[in-house]
Amino acid sequence: MDERKGIIPPVRGRPPERPDRRQVARRRIVALVVLLLLLGGLGWLAVAAIGGGNESASLPPTTSSSTLVYRTVTKTTSTGTVETVIAMAKPFHVVFPEGYTRRQMADRVAAVAQIARRERHARTRLAKRTYLAATRAPHVPLCFHAGVKVPAIEGFLFPATYEFFRQTTSAELVANQLDAFCENWKKLDLGYARTKHLTAYDVLIIASMIEKETLSPDERQLVSAVIYNRLHARMPLGIDATLRYGLDIPPTESIHQSQLESSSPYNTRNRAGLPPTPIANPGLASLQAAAHPAHVNYLYFVRKPDKKHHFFTASYQAFLNYANAHGYGGP
């Protein structure tokens, strides 16, 4: 039979197989990942859409050590095929030091948001105003004794380094802090504190005072012991950090006599017992010290001239002698 001009003659044998839709999708993913690896330092990168249909997204949890986070977008097409596209994001970080108050954390959120705009030209959803709003109500983490009512969220905002993205909200960041609190709170044994008739919330308050009063890690249990011993003796705690918190006195300012005579419930100079709330957000080491004080009889401590360590004693006269010798006032 004569071949017709302009027509490609048929090829003998089995025709080549066409790749199915899943193979095509996998190839697209590989190509996209290679492209994203080349462009990975630009923050959130474009995610290519495949087909039409219903779409869902999931973001796996991350750790503070990661530099790139994988975001999985899953799409169901009209044919029922599920195709996955991988995009990458470079997270931001916010560091909350141990002993920060809720308001200090809000200031840190504002500072980090400003850095994100300046250095990475990214507008985040985190802001001081929204963080304060998210922490205004006295949330109690699920791990913290069901049914307990507390007057404030202070103390539960666990200090650590947290990752966040442009779309992370203040409520989500706070939820992460409460989850971190639970992870650490579960490590405590409150058995000894209960023998001293202290509640879980009492331990949290004590931990916050330890955090504000100590700069040297080896003194945490000693400060805790002074607090326990004074509570047992029904003595005022005499911790100025509580008064500074209650009256919002900056650490750079001296406390005036009128403030020392204040009727504030945070004035532990003239009121026996614990302040009504934590005065900061303590880390794990201070929580452990609050649950397990040193077994010593100290009732007094005063800061040494190095401004870091303290002189501890059970004797009021020894306390006065040391304080006078170094230019400090009374208890």
# chains A, B, ... in the order shown; residues from 1 in each chain; ligands from 1
>>> select_by_dssp(residues="segment 86-208 of chain A", states="strand (DSSP E)", output="number ranges by chain")
A: 86-89, 92-95, 161-164
>>> closest_residue(among="A:Leu231, A:Ile279, A:Leu243, A:Val174", to="Ser264 of chain A", atoms="only C-alpha atoms")
A:Leu243
>>> residues_around(residues="segment 149-151 of chain A", least_positions_apart="4", cutoff="10 Å", atoms="only C-alpha atoms", output="list in words")
Ala137, Pro138, His139, Val140, His145, Tyr201, Pro276, Thr277 and Pro278 of chain A
>>> residues_around(residues="segment 155-166 of chain A", least_positions_apart="2", cutoff="6 Å", atoms="only C-alpha atoms", output="MDAnalysis selection string")
chainID A and resid 91:98 124 153 168 177:178 181 278 280:281
>>> write_last_selection(atoms="N, CA, C and O atoms", output="PDB file, in the first residue's frame")
ATOM      1  N   PRO A  91      10.776  30.847  59.906  1.00  0.00           N
ATOM      2  CA  PRO A  91      10.024  31.388  61.035  1.00  0.00           C
ATOM      3  C   PRO A  91      10.726  32.565  61.694  1.00  0.00           C
ATOM      4  O   PRO A  91      11.931  32.743  61.575  1.00  0.00           O
ATOM      5  N   PHE A  92       9.932  33.368  62.392  1.00  0.00           N
ATOM      6  CA  PHE A  92      10.449  34.407  63.264  1.00  0.00           C
ATOM      7  C   PHE A  92      10.573  33.815  64.668  1.00  0.00           C
ATOM      8  O   PHE A  92      10.023  32.762  64.957  1.00  0.00           O
ATOM      9  N   HIS A  93      11.300  34.486  65.547  1.00  0.00           N
ATOM     10  CA  HIS A  93      11.459  34.023  66.918  1.00  0.00           C
ATOM     11  C   HIS A  93      11.216  35.168  67.894  1.00  0.00           C
ATOM     12  O   HIS A  93      11.613  36.299  67.641  1.00  0.00           O
ATOM     13  N   VAL A  94      10.568  34.833  69.000  1.00  0.00           N
ATOM     14  CA  VAL A  94      10.409  35.784  70.089  1.00  0.00           C
ATOM     15  C   VAL A  94      10.907  35.103  71.361  1.00  0.00           C
ATOM     16  O   VAL A  94      10.548  33.954  71.640  1.00  0.00           O
ATOM     17  N   VAL A  95      11.773  35.798  72.100  1.00  0.00           N
ATOM     18  CA  VAL A  95      12.381  35.243  73.308  1.00  0.00           C
ATOM     19  C   VAL A  95      11.792  35.948  74.531  1.00  0.00           C
ATOM     20  O   VAL A  95      11.892  37.172  74.656  1.00  0.00           O
ATOM     21  N   PHE A  96      11.186  35.170  75.419  1.00  0.00           N
ATOM     22  CA  PHE A  96      10.669  35.694  76.679  1.00  0.00           C
ATOM     23  C   PHE A  96      11.582  35.207  77.801  1.00  0.00           C
ATOM     24  O   PHE A  96      11.553  34.028  78.157  1.00  0.00           O
ATOM     25  N   PRO A  97      12.411  36.062  78.387  1.00  0.00           N
ATOM     26  CA  PRO A  97      13.295  35.639  79.480  1.00  0.00           C
ATOM     27  C   PRO A  97      12.501  35.243  80.726  1.00  0.00           C
ATOM     28  O   PRO A  97      11.376  35.694  80.949  1.00  0.00           O
ATOM     29  N   GLU A  98      13.123  34.413  81.542  1.00  0.00           N
ATOM     30  CA  GLU A  98      12.512  34.032  82.819  1.00  0.00           C
ATOM     31  C   GLU A  98      12.350  35.273  83.697  1.00  0.00           C
ATOM     32  O   GLU A  98      13.237  36.112  83.784  1.00  0.00           O
ATOM     33  N   THR A 124       3.616  41.175  60.529  1.00  0.00           N
ATOM     34  CA  THR A 124       3.064  40.056  61.275  1.00  0.00           C
ATOM     35  C   THR A 124       1.754  40.457  61.951  1.00  0.00           C
ATOM     36  O   THR A 124       1.469  41.641  62.126  1.00  0.00           O
ATOM     37  N   ILE A 153      -3.751  35.888  84.634  1.00  0.00           N
ATOM     38  CA  ILE A 153      -3.000  34.897  83.867  1.00  0.00           C
ATOM     39  C   ILE A 153      -1.510  34.954  84.205  1.00  0.00           C
ATOM     40  O   ILE A 153      -0.747  34.047  83.851  1.00  0.00           O
ATOM     41  N   THR A 168       0.595  34.087  62.409  1.00  0.00           N
ATOM     42  CA  THR A 168       0.379  33.682  63.799  1.00  0.00           C
ATOM     43  C   THR A 168      -0.287  34.813  64.583  1.00  0.00           C
ATOM     44  O   THR A 168       0.150  35.955  64.531  1.00  0.00           O
ATOM     45  N   GLN A 177       2.310  29.254  74.856  1.00  0.00           N
ATOM     46  CA  GLN A 177       2.919  29.491  76.171  1.00  0.00           C
ATOM     47  C   GLN A 177       2.231  28.670  77.258  1.00  0.00           C
ATOM     48  O   GLN A 177       2.900  28.130  78.145  1.00  0.00           O
ATOM     49  N   LEU A 178       0.916  28.568  77.188  1.00  0.00           N
ATOM     50  CA  LEU A 178       0.187  27.773  78.176  1.00  0.00           C
ATOM     51  C   LEU A 178       0.505  26.288  78.022  1.00  0.00           C
ATOM     52  O   LEU A 178       0.607  25.556  79.011  1.00  0.00           O
ATOM     53  N   PHE A 181       3.826  25.780  79.559  1.00  0.00           N
ATOM     54  CA  PHE A 181       3.678  25.773  81.018  1.00  0.00           C
ATOM     55  C   PHE A 181       3.281  24.383  81.495  1.00  0.00           C
ATOM     56  O   PHE A 181       3.860  23.854  82.463  1.00  0.00           O
ATOM     57  N   PRO A 278       0.915  35.787  91.204  1.00  0.00           N
ATOM     58  CA  PRO A 278       2.340  35.802  90.870  1.00  0.00           C
ATOM     59  C   PRO A 278       2.748  37.201  90.417  1.00  0.00           C
ATOM     60  O   PRO A 278       1.934  37.968  89.890  1.00  0.00           O
ATOM     61  N   ALA A 280       5.465  37.586  88.354  1.00  0.00           N
ATOM     62  CA  ALA A 280       6.240  37.387  87.129  1.00  0.00           C
ATOM     63  C   ALA A 280       5.907  35.993  86.606  1.00  0.00           C
ATOM     64  O   ALA A 280       5.113  35.258  87.224  1.00  0.00           O
ATOM     65  N   ASN A 281       6.517  35.638  85.495  1.00  0.00           N
ATOM     66  CA  ASN A 281       6.324  34.311  84.923  1.00  0.00           C
ATOM     67  C   ASN A 281       7.613  33.508  85.093  1.00  0.00           C
ATOM     68  O   ASN A 281       8.607  33.763  84.413  1.00  0.00           O
TER      69      ASN A 281
END
>>> closest_atom_pairs(of="segment 137-242 of chain A", to="segment 256-263 of chain A", cutoff="12 Å", atoms="only C-alpha atoms", output="tab-separated table")
residue	atom	partner	partner_atom	distance
A:Gly238	CA	A:Leu260	CA	10.0
A:Ile239	CA	A:Leu260	CA	10.8
A:Asp240	CA	A:Leu260	CA	8.6
A:Ala241	CA	A:Leu260	CA	11.6
A:Thr242	CA	A:Leu260	CA	11.1
>>> write_last_selection(atoms="N, CA and C atoms", output="PDB file, in the first residue's frame")
ATOM      1  N   GLY A 238       8.441  40.610 103.454  1.00  0.00           N
ATOM      2  CA  GLY A 238       9.396  41.701 103.288  1.00  0.00           C
ATOM      3  C   GLY A 238      10.133  41.686 101.961  1.00  0.00           C
ATOM      4  N   ILE A 239       9.470  41.233 100.891  1.00  0.00           N
ATOM      5  CA  ILE A 239      10.104  41.172  99.563  1.00  0.00           C
ATOM      6  C   ILE A 239       9.669  42.380  98.742  1.00  0.00           C
ATOM      7  N   ASP A 240      10.624  43.253  98.454  1.00  0.00           N
ATOM      8  CA  ASP A 240      10.284  44.503  97.772  1.00  0.00           C
ATOM      9  C   ASP A 240       9.821  44.285  96.332  1.00  0.00           C
ATOM     10  N   ALA A 241      10.203  43.154  95.724  1.00  0.00           N
ATOM     11  CA  ALA A 241       9.787  42.889  94.345  1.00  0.00           C
ATOM     12  C   ALA A 241       8.270  42.813  94.224  1.00  0.00           C
ATOM     13  N   THR A 242       7.603  42.364  95.283  1.00  0.00           N
ATOM     14  CA  THR A 242       6.138  42.299  95.230  1.00  0.00           C
ATOM     15  C   THR A 242       5.540  43.702  95.223  1.00  0.00           C
TER      16      THR A 242
END
>>> select_by_dssp(residues="segment 75-185 of chain A", states="alpha helix (DSSP H)", output="PyMOL selection string")
chain A and resi 102-120+128-134+170-185
>>> write_last_selection(atoms="C-alpha atoms", output="mmCIF file, in the first residue's frame")
data_model
loop_
_atom_site.group_PDB
_atom_site.id
_atom_site.type_symbol
_atom_site.label_atom_id
_atom_site.label_comp_id
_atom_site.auth_asym_id
_atom_site.auth_seq_id
_atom_site.Cartn_x
_atom_site.Cartn_y
_atom_site.Cartn_z
ATOM 1 C CA ARG A 102 2.855 39.912 81.085
ATOM 2 C CA ARG A 103 3.424 43.563 80.165
ATOM 3 C CA GLN A 104 7.114 43.023 79.521
ATOM 4 C CA MET A 105 6.184 40.170 77.207
ATOM 5 C CA ALA A 106 3.795 42.466 75.351
ATOM 6 C CA ASP A 107 6.622 44.980 74.901
ATOM 7 C CA ARG A 108 8.870 42.203 73.578
ATOM 8 C CA VAL A 109 6.171 41.166 71.066
ATOM 9 C CA ALA A 110 6.005 44.753 69.803
ATOM 10 C CA ALA A 111 9.800 44.910 69.458
ATOM 11 C CA VAL A 112 9.992 41.634 67.534
ATOM 12 C CA ALA A 113 7.186 42.688 65.192
ATOM 13 C CA GLN A 114 9.093 45.880 64.450
ATOM 14 C CA ILE A 115 12.279 43.907 63.718
ATOM 15 C CA ALA A 116 10.342 41.650 61.337
ATOM 16 C CA ARG A 117 9.129 44.696 59.401
ATOM 17 C CA ARG A 118 12.553 46.333 59.315
ATOM 18 C CA GLU A 119 14.761 43.353 58.509
ATOM 19 C CA ARG A 120 12.476 41.051 56.527
ATOM 20 C CA LYS A 128 1.373 44.592 71.709
ATOM 21 C CA ARG A 129 -2.310 45.519 71.753
ATOM 22 C CA THR A 130 -3.509 42.071 70.661
ATOM 23 C CA TYR A 131 -1.121 40.284 73.054
ATOM 24 C CA LEU A 132 -2.406 42.314 76.001
ATOM 25 C CA ALA A 133 -5.961 41.548 74.911
ATOM 26 C CA ALA A 134 -5.203 37.826 74.626
ATOM 27 C CA SER A 170 -1.420 36.626 69.660
ATOM 28 C CA ALA A 171 -4.018 34.109 70.865
ATOM 29 C CA GLU A 172 -2.052 31.304 69.200
ATOM 30 C CA LEU A 173 1.203 32.480 70.781
ATOM 31 C CA VAL A 174 -0.428 32.593 74.215
ATOM 32 C CA ALA A 175 -1.828 29.089 73.661
ATOM 33 C CA ASN A 176 1.713 27.887 72.933
ATOM 34 C CA GLN A 177 2.919 29.491 76.171
ATOM 35 C CA LEU A 178 0.187 27.773 78.176
ATOM 36 C CA ASP A 179 1.055 24.439 76.544
ATOM 37 C CA ALA A 180 4.722 24.970 77.453
ATOM 38 C CA PHE A 181 3.678 25.773 81.018
ATOM 39 C CA CYS A 182 1.850 22.448 81.245
ATOM 40 C CA GLU A 183 4.813 20.529 79.848
ATOM 41 C CA ASN A 184 6.994 21.930 82.626
ATOM 42 C CA TRP A 185 4.410 21.985 85.411
#
>>> closest_residue(among="A:Ser286, A:Thr195, A:Thr313, A:Ser254", to="Asp218 of chain A", atoms="only C-alpha atoms")
A:Ser286
>>> atom_distance(atom1="atom CA of Thr101 of chain A", atom2="atom CA of Leu237 of chain A")
20.5 Å
